[in-house]
>>> print(open('input23.cif').read())   # mmCIF, C-alpha atoms and all ligand atoms
data_my_file
loop_
_atom_site.label_atom_id
_atom_site.label_comp_id
_atom_site.auth_asym_id
_atom_site.auth_seq_id
_atom_site.Cartn_x
_atom_site.Cartn_y
_atom_site.Cartn_z
CA MET A 1 1.01 118.40 -184.25
CA THR A 2 1.70 115.05 -185.91
CA ILE A 3 4.56 115.45 -188.41
CA LEU A 4 3.61 112.62 -190.76
CA SER A 5 0.40 110.66 -191.00
CA VAL A 6 0.23 107.73 -193.42
CA ASN A 7 -3.17 106.15 -193.98
CA THR A 8 -3.97 102.92 -195.87
CA LEU A 9 -1.11 103.68 -198.26
CA THR A 10 -0.92 101.21 -201.12
CA LYS A 11 1.26 100.78 -204.21
CA LYS A 12 0.58 98.17 -206.86
CA PHE A 13 2.89 97.28 -209.73
CA GLY A 14 0.59 95.35 -212.05
CA GLY A 15 -0.40 92.27 -210.08
CA LEU A 16 2.16 92.86 -207.32
CA THR A 17 1.14 94.84 -204.23
CA ALA A 18 4.46 96.30 -203.04
CA VAL A 19 2.89 98.33 -200.20
CA SER A 20 -0.48 97.27 -198.86
CA ASP A 21 -2.79 99.40 -196.66
CA VAL A 22 0.05 100.71 -194.49
CA ASP A 23 -0.77 103.09 -191.60
CA PHE A 24 1.59 104.84 -189.20
CA GLU A 25 2.41 108.25 -187.76
CA VAL A 26 5.58 110.14 -186.95
CA GLN A 27 5.40 112.56 -184.02
CA PRO A 28 7.56 115.66 -183.47
CA GLY A 29 10.94 114.71 -182.06
CA GLU A 30 10.48 111.06 -182.96
CA ILE A 31 12.84 108.63 -184.70
CA LEU A 32 10.76 105.92 -186.37
CA GLY A 33 12.44 102.86 -187.88
CA ILE A 34 11.08 100.88 -190.84
CA ILE A 35 12.46 97.35 -191.04
CA GLY A 36 11.64 94.23 -193.02
CA PRO A 37 13.22 91.67 -195.34
CA ASN A 38 14.38 92.47 -198.87
CA GLY A 39 11.43 93.26 -201.09
CA ALA A 40 9.18 94.14 -198.11
CA GLY A 41 8.27 97.50 -199.68
CA LYS A 42 10.46 99.89 -197.66
CA THR A 43 11.95 101.78 -200.60
CA THR A 44 8.60 101.93 -202.39
CA LEU A 45 7.12 103.44 -199.21
CA PHE A 46 9.90 106.07 -199.08
CA ASN A 47 9.41 106.86 -202.75
CA MET A 48 5.73 107.57 -202.15
CA LEU A 49 6.43 109.72 -199.08
CA ALA A 50 9.02 111.79 -200.97
CA GLY A 51 6.86 112.15 -204.08
CA SER A 52 9.04 110.21 -206.48
CA MET A 53 6.31 107.57 -206.88
CA GLN A 54 2.52 108.02 -206.96
CA PRO A 55 0.54 105.87 -204.52
CA THR A 56 -2.18 103.64 -205.96
CA SER A 57 -4.40 104.58 -203.01
CA GLY A 58 -4.26 105.93 -199.47
CA THR A 59 -3.11 109.28 -198.12
CA VAL A 60 -0.03 111.03 -196.74
CA HIS A 61 -0.34 114.14 -194.56
CA LEU A 62 2.61 116.33 -193.55
CA LYS A 63 1.85 118.50 -190.51
CA GLY A 64 -1.84 118.18 -191.36
CA GLN A 65 -1.45 119.07 -195.05
CA ASN A 66 -2.44 116.47 -197.62
CA ILE A 67 0.69 115.83 -199.73
CA THR A 68 -0.55 112.63 -201.40
CA GLY A 69 0.71 112.41 -204.97
CA MET A 70 2.45 115.81 -204.89
CA ARG A 71 5.61 116.24 -206.94
CA ALA A 72 8.91 115.55 -205.19
CA ASP A 73 10.16 119.16 -205.41
CA ARG A 74 6.98 120.47 -203.77
CA ILE A 75 7.17 117.92 -200.98
CA ALA A 76 10.83 118.88 -200.46
CA ARG A 77 9.88 122.54 -200.18
CA LEU A 78 7.20 121.63 -197.62
CA GLY A 79 9.87 120.09 -195.40
CA VAL A 80 10.66 116.48 -196.35
CA ALA A 81 14.28 115.64 -197.19
CA ARG A 82 15.71 112.24 -198.07
CA THR A 83 18.91 110.36 -198.63
CA PHE A 84 19.27 107.41 -200.98
CA GLN A 85 20.70 103.90 -200.68
CA ILE A 86 23.09 104.66 -203.51
CA THR A 87 25.41 107.61 -203.07
CA SER A 88 24.23 110.63 -205.04
CA LEU A 89 27.17 113.01 -204.60
CA PHE A 90 29.03 114.99 -207.28
CA PRO A 91 32.43 113.26 -206.88
CA ALA A 92 34.60 116.05 -208.32
CA LEU A 93 32.95 118.86 -206.34
CA SER A 94 34.06 119.84 -202.85
CA ALA A 95 31.96 118.82 -199.87
CA HIS A 96 30.92 122.47 -199.48
CA ASP A 97 29.88 122.77 -203.14
CA ASN A 98 27.93 119.52 -202.94
CA VAL A 99 25.84 120.99 -200.12
CA ARG A 100 25.60 124.39 -201.86
CA ALA A 101 24.36 122.77 -205.10
CA ALA A 102 21.55 121.07 -203.21
CA THR A 103 20.67 124.18 -201.21
CA TYR A 104 20.24 126.34 -204.35
CA ARG A 105 17.29 124.21 -205.34
CA THR A 106 15.38 125.41 -202.29
CA LYS A 107 15.89 129.11 -203.11
CA LYS A 108 13.37 131.28 -204.90
CA THR A 109 15.26 133.70 -207.17
CA GLY A 110 15.41 132.77 -210.85
CA TRP A 111 18.01 133.00 -213.62
CA MET A 112 17.31 136.71 -214.35
CA ALA A 113 18.26 137.59 -210.79
CA SER A 114 21.41 135.49 -211.00
CA ILE A 115 22.54 137.14 -214.28
CA PHE A 116 21.99 140.65 -212.95
CA ARG A 117 23.24 139.65 -209.50
CA THR A 118 20.41 141.46 -207.76
CA ALA A 119 20.59 142.29 -204.07
CA THR A 120 18.14 139.48 -203.36
CA TYR A 121 20.30 137.04 -205.30
CA ARG A 122 23.46 138.12 -203.47
CA ALA A 123 21.71 137.84 -200.11
CA GLU A 124 20.49 134.35 -201.02
CA GLU A 125 23.98 133.36 -202.11
CA ALA A 126 25.29 134.40 -198.71
CA ASP A 127 22.46 132.40 -197.09
CA VAL A 128 23.36 129.34 -199.17
CA ASP A 129 27.02 129.61 -198.12
CA ARG A 130 26.12 129.97 -194.47
CA ASP A 131 23.50 127.18 -194.46
CA ALA A 132 25.87 124.82 -196.29
CA MET A 133 28.68 125.48 -193.83
CA ALA A 134 26.32 125.06 -190.86
CA ALA A 135 25.16 121.69 -192.22
CA LEU A 136 28.78 120.56 -192.64
CA HIS A 137 29.58 121.66 -189.09
CA PHE A 138 26.55 119.81 -187.79
CA CYS A 139 27.72 116.61 -189.47
CA ASP A 140 31.32 117.02 -188.24
CA LEU A 141 32.51 117.63 -191.79
CA ALA A 142 33.60 121.27 -191.55
CA GLY A 143 37.24 120.16 -191.69
CA HIS A 144 36.53 118.53 -195.06
CA ALA A 145 34.63 121.47 -196.59
CA ASP A 146 37.19 121.98 -199.38
CA ASP A 147 37.90 118.29 -200.04
CA ASN A 148 36.40 116.71 -203.14
CA ALA A 149 33.58 114.30 -202.30
CA GLU A 150 35.45 111.43 -203.97
CA SER A 151 38.41 111.87 -201.62
CA LEU A 152 36.30 111.41 -198.46
CA SER A 153 36.10 108.11 -196.59
CA TYR A 154 32.96 106.03 -197.19
CA GLY A 155 31.50 106.99 -193.80
CA ASP A 156 32.17 110.68 -194.46
CA GLN A 157 30.50 110.44 -197.88
CA ARG A 158 27.37 109.00 -196.29
CA ARG A 159 27.39 111.77 -193.69
CA LEU A 160 27.86 114.35 -196.45
CA GLU A 161 24.64 113.07 -198.00
CA ILE A 162 22.91 113.68 -194.69
CA ALA A 163 24.44 117.18 -194.53
CA ILE A 164 22.97 117.86 -197.99
CA ALA A 165 19.53 116.74 -196.82
CA LEU A 166 19.79 118.82 -193.62
CA ALA A 167 20.80 122.01 -195.43
CA ALA A 168 17.16 122.33 -196.51
CA LYS A 169 16.21 122.44 -192.79
CA PRO A 170 13.56 119.71 -193.13
CA ALA A 171 10.80 118.92 -190.63
CA LEU A 172 11.17 115.26 -191.59
CA LEU A 173 14.29 113.44 -192.76
CA LEU A 174 13.96 110.13 -194.61
CA LEU A 175 17.13 108.08 -194.29
CA ASP A 176 17.40 105.07 -196.61
CA GLU A 177 19.90 102.55 -195.17
CA PRO A 178 22.39 105.16 -193.97
CA ALA A 179 24.52 102.52 -192.19
CA ALA A 180 24.89 100.28 -195.26
CA GLY A 181 28.57 99.43 -195.72
CA MET A 182 29.64 101.17 -192.51
CA ASN A 183 31.88 99.55 -189.92
CA PRO A 184 30.66 99.41 -186.27
CA GLU A 185 32.57 102.58 -185.34
CA GLU A 186 31.04 104.52 -188.24
CA GLY A 187 27.65 103.03 -187.32
CA GLN A 188 27.96 104.35 -183.76
CA ARG A 189 28.91 107.78 -185.06
CA LEU A 190 25.84 107.68 -187.27
CA VAL A 191 23.62 106.78 -184.31
CA ASN A 192 24.94 109.80 -182.39
CA MET A 193 24.34 112.02 -185.40
CA ILE A 194 20.76 110.83 -185.92
CA ARG A 195 20.04 111.59 -182.23
CA LYS A 196 21.52 115.06 -182.70
CA ILE A 197 19.32 115.63 -185.76
CA ARG A 198 16.25 114.73 -183.72
CA ASP A 199 17.37 116.92 -180.79
CA ASN A 200 17.71 119.77 -183.27
CA GLY A 201 14.01 119.55 -184.17
CA THR A 202 13.88 117.25 -187.22
CA SER A 203 11.85 114.03 -186.99
CA VAL A 204 13.49 111.05 -188.62
CA LEU A 205 12.16 108.08 -190.58
CA LEU A 206 14.85 105.46 -190.92
CA VAL A 207 14.98 102.40 -193.18
CA GLU A 208 17.80 100.24 -191.88
CA HIS A 209 18.96 96.62 -191.86
CA HIS A 210 21.62 97.08 -189.16
CA MET A 211 19.71 96.12 -186.02
CA ARG A 212 22.31 97.69 -183.74
CA VAL A 213 21.56 101.05 -185.34
CA VAL A 214 17.80 100.47 -185.21
CA MET A 215 17.91 99.37 -181.56
CA GLY A 216 20.27 102.17 -180.62
CA VAL A 217 18.36 105.08 -182.07
CA CYS A 218 14.68 104.38 -182.84
CA ASP A 219 11.84 105.33 -180.50
CA ARG A 220 9.45 103.05 -182.38
CA VAL A 221 9.73 100.57 -185.21
CA VAL A 222 7.30 99.56 -187.97
CA VAL A 223 7.89 96.13 -189.50
CA LEU A 224 6.89 95.42 -193.10
CA ASP A 225 6.67 92.04 -194.81
CA HIS A 226 5.36 91.56 -198.36
CA GLY A 227 4.13 95.17 -198.27
CA GLU A 228 2.05 94.73 -195.11
CA LYS A 229 2.68 96.14 -191.65
CA ILE A 230 3.08 93.08 -189.44
CA ALA A 231 4.22 94.81 -186.23
CA GLU A 232 4.73 98.23 -184.65
CA GLY A 233 6.18 99.12 -181.27
CA THR A 234 9.31 99.91 -179.30
CA PRO A 235 12.50 98.25 -180.60
CA ALA A 236 12.50 95.98 -177.53
CA ALA A 237 8.90 94.84 -178.14
CA VAL A 238 9.43 94.34 -181.87
CA VAL A 239 12.51 92.12 -181.52
CA ASP A 240 10.53 89.87 -179.17
CA ASN A 241 7.58 89.59 -181.56
CA PRO A 242 7.39 85.99 -182.91
CA ASP A 243 6.14 87.14 -186.36
CA VAL A 244 9.07 89.54 -186.69
CA ILE A 245 11.55 86.86 -185.64
CA ARG A 246 10.02 84.44 -188.15
CA VAL A 247 9.99 86.73 -191.20
CA TYR A 248 13.01 88.89 -190.56
CA LEU A 249 15.22 88.66 -187.53
CA GLY A 250 15.61 84.89 -187.82
CA ARG A 251 17.38 85.22 -191.14
CA GLU A 252 18.74 88.38 -192.67
CA ALA A 253 19.01 91.26 -190.22
CA VAL A 254 22.56 92.48 -189.83
CA SER A 255 23.63 92.37 -186.21
CA ALA A 256 26.85 94.41 -186.56
N1 LIG A 301 9.31 100.01 -210.26
C1 LIG A 301 8.92 98.77 -209.93
N2 LIG A 301 8.26 97.99 -210.80
C2 LIG A 301 7.83 96.75 -210.45
N3 LIG A 301 8.04 96.18 -209.25
C3 LIG A 301 8.72 96.93 -208.33
C4 LIG A 301 9.19 98.24 -208.62
N4 LIG A 301 9.83 98.73 -207.51
C5 LIG A 301 9.75 97.76 -206.58
N5 LIG A 301 9.10 96.68 -207.07
C6 LIG A 301 8.79 95.44 -206.34
O1 LIG A 301 8.08 95.83 -205.17
C7 LIG A 301 8.47 95.01 -204.06
C8 LIG A 301 8.99 95.91 -202.96
O2 LIG A 301 10.26 96.45 -203.36
P1 LIG A 301 11.07 97.50 -202.48
O3 LIG A 301 12.29 97.85 -203.26
O4 LIG A 301 10.17 98.60 -202.07
O5 LIG A 301 11.45 96.62 -201.21
P2 LIG A 301 12.51 96.95 -200.07
O6 LIG A 301 11.86 96.57 -198.78
O7 LIG A 301 12.98 98.36 -200.19
O8 LIG A 301 13.70 95.96 -200.40
P3 LIG A 301 15.29 96.13 -200.10
O9 LIG A 301 15.48 95.92 -198.63
O10 LIG A 301 15.87 95.04 -200.93
O11 LIG A 301 15.70 97.50 -200.57
C9 LIG A 301 9.51 94.03 -204.59
O12 LIG A 301 8.84 92.83 -204.90
C10 LIG A 301 10.02 94.71 -205.84
O13 LIG A 301 10.47 93.76 -206.79
#
>>> encode(input="input23.cif", output="structure tokens", more="lines below")
Ligand SMILES: Nc1ncnc2c1ncn2[C@@H]1O[C@H](COP(=O)(O)OP(=O)(O)OP(=O)(O)O)[C@@H](O)[C@H]1O
Amino acid sequence: MTILSVNTLTKKFGGLTAVSDVDFEVQPGEILGIIGPNGAGKTTLFNMLAGSMQPTSGTVHLKGQNITGMRADRIARLGVARTFQITSLFPALSAHDNVRAATYRTKKTGWMASIFRTATYRAEEADVDRDAMAALHFCDLAGHADDNAESLSYGDQRRLEIAIALAAKPALLLLDEPAAGMNPEEGQRLVNMIRKIRDNGTSVLLVEHHMRVVMGVCDRVVVLDHGEKIAEGTPAAVVDNPDVIRVYLGREAVSA
């Protein structure tokens, strides 16, 4: 079954159409890249998919279910996780506690259960611990579980954000410029990790300026310009597309 189906999705801010009639699909086991120049509408698109922004029109279906306009927490519970361009960690908490804090939000028991420490609550706490540790392992961060987030290297902080997103065991992971600020070695490590995420059963939607990352990891790429989809295809086909070269690759894509 198709994981994500986006149909004629549009977002207007007053007179500005930030995303205009965009269509695409994400299949199970697929890594789809979204590229385009600054202001093309990539973040606005992500915001609509994750529920932090209401579309003006169009629809979004997740595994066949219409999630258009749903609240972000509901969409997260249905299996969409995201990372942000700007780091969103708690700097003074350990890596493990950062993941635990995010994982609690996906659990069902309320404050009464936590005060009386019911059996269900204790079982969920054990689940949270285990899931958080598994996510850290998966992202090669188990050795840093007790280190404060602020003491981690930049690359490790970005991977911790991915660990947080993965702890919710999403069907679809939205990654917003995960390679921003990374050196080539960290970028390569990220590419390997994104492949591993896909191999583990999570489809990935990736907004990224670093073309080496896009070329290295994406099965298909959608190109946006001024809110419109101007191309879609394999990375090799897209980089040869004259429109894509004209609006994007000719000027600002990062080759490192
Ligand atoms: N909340 C908002 N209110 C008004 N205009 C907005 C808002 N958010 C985005 N825009 C505008 O919508 C357009 C698309 O912006 P968006 O941030 O989605 O682009 P982007 O492709 O993510 O750019 P970048 O690569 O710089 O992150 C831009 O012209 C931007 O100024």
>>> atom_distance(input="input23.cif", atom1="atom O8 of ligand LIG 301 (chain A)", atom2="atom CA of Glu30 of chain A")
23.3 Å
>>> atom_distance(input="input23.cif", atom1="atom CA of Ser20 of chain A", atom2="atom CA of Lys229 of chain A")
8.0 Å
>>> closest_residue(input="input23.cif", among="A:Arg77, A:His137, A:Lys169, A:Lys11", to="ligand LIG 301 (chain A)", atoms="only C-alpha atoms and all ligand atoms")
A:Lys11
>>> closest_residue(input="input23.cif", among="A:Ile197, A:Leu152, A:Leu190, A:Ala123", to="Phe138 of chain A", atoms="all atoms listed in the file")
A:Ile197
>>> axis_aligned_box(input="input23.cif", around="segment 228-234 of chain A", padding_each_side="8 Å", output="JSON")
{"center_x": 5.7, "center_y": 96.5, "center_z": -187.2, "size_x": 23.3, "size_y": 22.8, "size_z": 31.8}
>>> closest_atom_pairs(input="input23.cif", of="chain A", to="ligand LIG 301 (chain A)", cutoff="8 Å", atoms="all atoms listed in the file", output="Markdown table")
| residue | atom | partner | partner_atom | distance |
| --- | --- | --- | --- | --- |
| A:Phe13 | CA | A:LIG301 | C2 | 5.0 |
| A:Gly14 | CA | A:LIG301 | C2 | 7.5 |
| A:Leu16 | CA | A:LIG301 | O1 | 7.0 |
| A:Thr17 | CA | A:LIG301 | O1 | 7.1 |
| A:Ala18 | CA | A:LIG301 | O1 | 4.2 |
| A:Val19 | CA | A:LIG301 | C8 | 7.1 |
| A:Ile35 | CA | A:LIG301 | O6 | 7.8 |
| A:Gly36 | CA | A:LIG301 | O6 | 6.2 |
| A:Pro37 | CA | A:LIG301 | O9 | 5.8 |
| A:Asn38 | CA | A:LIG301 | O10 | 3.6 |
| A:Gly39 | CA | A:LIG301 | O5 | 3.4 |
| A:Ala40 | CA | A:LIG301 | O6 | 3.7 |
| A:Gly41 | CA | A:LIG301 | O4 | 3.2 |
| A:Lys42 | CA | A:LIG301 | O6 | 3.8 |
| A:Thr43 | CA | A:LIG301 | O7 | 3.6 |
| A:Thr44 | CA | A:LIG301 | O4 | 3.7 |
| A:Leu45 | CA | A:LIG301 | O4 | 6.4 |
| A:His209 | CA | A:LIG301 | O9 | 7.6 |
| A:Leu224 | CA | A:LIG301 | O6 | 7.6 |
| A:Asp225 | CA | A:LIG301 | O6 | 8.0 |
| A:His226 | CA | A:LIG301 | C8 | 7.3 |
| A:Gly227 | CA | A:LIG301 | C8 | 6.8 |
>>> closest_residue(input="input23.cif", among="A:Asn183, A:Lys12, A:Glu124, A:Gly64", to="Ser153 of chain A", atoms="only C-alpha atoms")
A:Asn183
>>> atom_distance(input="input23.cif", atom1="atom CA of Val223 of chain A", atom2="atom CA of Ser88 of chain A")
26.8 Å
>>> residues_around(input="input23.cif", residues="Glu208 of chain A", least_positions_apart="4", cutoff="9 Å", atoms="all atoms listed in the file", output="PyMOL selection string")
chain A and resi 33-36+175-180+213-214
>>> residues_around(input="input23.cif", residues="Asp156 of chain A", least_positions_apart="3", cutoff="10 Å", atoms="only C-alpha atoms", output="PyMOL selection string")
chain A and resi 95+139-141+144+149+151-153+159-162+186
>>> closest_residue(input="input23.cif", among="A:Met215, A:Val6, A:Leu89, A:Ala236", to="Ala101 of chain A", atoms="all atoms listed in the file")
A:Leu89
>>> closest_residue(input="input23.cif", among="A:Asp146, A:Glu228, A:Asp127, A:Asp199", to="Asp23 of chain A", atoms="only C-alpha atoms")
A:Glu228
>>> closest_residue(input="input23.cif", among="A:Ala132, A:Val239, A:Pro91, A:Ala81", to="Arg212 of chain A", atoms="only C-alpha atoms")
A:Val239
>>> residues_near_point(input="input23.cif", point="(11.0, 119.2, -198.1)", cutoff="12 Å", atoms="all atoms listed in the file", output="count of residues only")
35
>>> build_atoms(input="input23.cif", residues="segment 216-231 of chain A", atoms="N, CA and C atoms", output="mmCIF file, in the frame of the given file")
data_model
loop_
_atom_site.group_PDB
_atom_site.id
_atom_site.type_symbol
_atom_site.label_atom_id
_atom_site.label_comp_id
_atom_site.auth_asym_id
_atom_site.auth_seq_id
_atom_site.Cartn_x
_atom_site.Cartn_y
_atom_site.Cartn_z
ATOM 1 N N GLY A 216 19.580 101.100 -181.326
ATOM 2 C CA GLY A 216 20.270 102.170 -180.620
ATOM 3 C C GLY A 216 19.590 103.524 -180.752
ATOM 4 N N VAL A 217 18.796 103.709 -181.794
ATOM 5 C CA VAL A 217 18.360 105.080 -182.070
ATOM 6 C C VAL A 217 16.843 105.257 -182.198
ATOM 7 N N CYS A 218 16.104 104.186 -182.531
ATOM 8 C CA CYS A 218 14.680 104.380 -182.840
ATOM 9 C C CYS A 218 13.819 104.410 -181.576
ATOM 10 N N ASP A 219 12.830 105.309 -181.574
ATOM 11 C CA ASP A 219 11.840 105.330 -180.500
ATOM 12 C C ASP A 219 10.806 104.239 -180.727
ATOM 13 N N ARG A 220 10.415 104.083 -181.988
ATOM 14 C CA ARG A 220 9.450 103.050 -182.380
ATOM 15 C C ARG A 220 9.894 102.456 -183.696
ATOM 16 N N VAL A 221 9.368 101.255 -183.975
ATOM 17 C CA VAL A 221 9.730 100.570 -185.210
ATOM 18 C C VAL A 221 8.462 100.019 -185.858
ATOM 19 N N VAL A 222 8.366 100.181 -187.181
ATOM 20 C CA VAL A 222 7.300 99.560 -187.970
ATOM 21 C C VAL A 222 7.942 98.443 -188.783
ATOM 22 N N VAL A 223 7.322 97.267 -188.765
ATOM 23 C CA VAL A 223 7.890 96.130 -189.500
ATOM 24 C C VAL A 223 6.997 95.799 -190.692
ATOM 25 N N LEU A 224 7.618 95.771 -191.883
ATOM 26 C CA LEU A 224 6.890 95.420 -193.100
ATOM 27 C C LEU A 224 7.305 94.029 -193.570
ATOM 28 N N ASP A 225 6.347 93.316 -194.142
ATOM 29 C CA ASP A 225 6.670 92.040 -194.810
ATOM 30 C C ASP A 225 5.685 91.888 -195.969
ATOM 31 N N HIS A 226 6.217 91.649 -197.165
ATOM 32 C CA HIS A 226 5.360 91.560 -198.360
ATOM 33 C C HIS A 226 4.413 92.748 -198.454
ATOM 34 N N GLY A 227 4.919 93.948 -198.127
ATOM 35 C CA GLY A 227 4.130 95.170 -198.270
ATOM 36 C C GLY A 227 3.189 95.467 -197.126
ATOM 37 N N GLU A 228 3.010 94.508 -196.201
ATOM 38 C CA GLU A 228 2.050 94.730 -195.110
ATOM 39 C C GLU A 228 2.762 95.044 -193.804
ATOM 40 N N LYS A 229 2.123 95.887 -192.991
ATOM 41 C CA LYS A 229 2.680 96.140 -191.650
ATOM 42 C C LYS A 229 2.327 94.953 -190.778
ATOM 43 N N ILE A 230 3.360 94.259 -190.273
ATOM 44 C CA ILE A 230 3.080 93.080 -189.440
ATOM 45 C C ILE A 230 3.320 93.362 -187.957
ATOM 46 N N ALA A 231 4.001 94.471 -187.640
ATOM 47 C CA ALA A 231 4.220 94.810 -186.230
ATOM 48 C C ALA A 231 4.593 96.279 -186.121
#
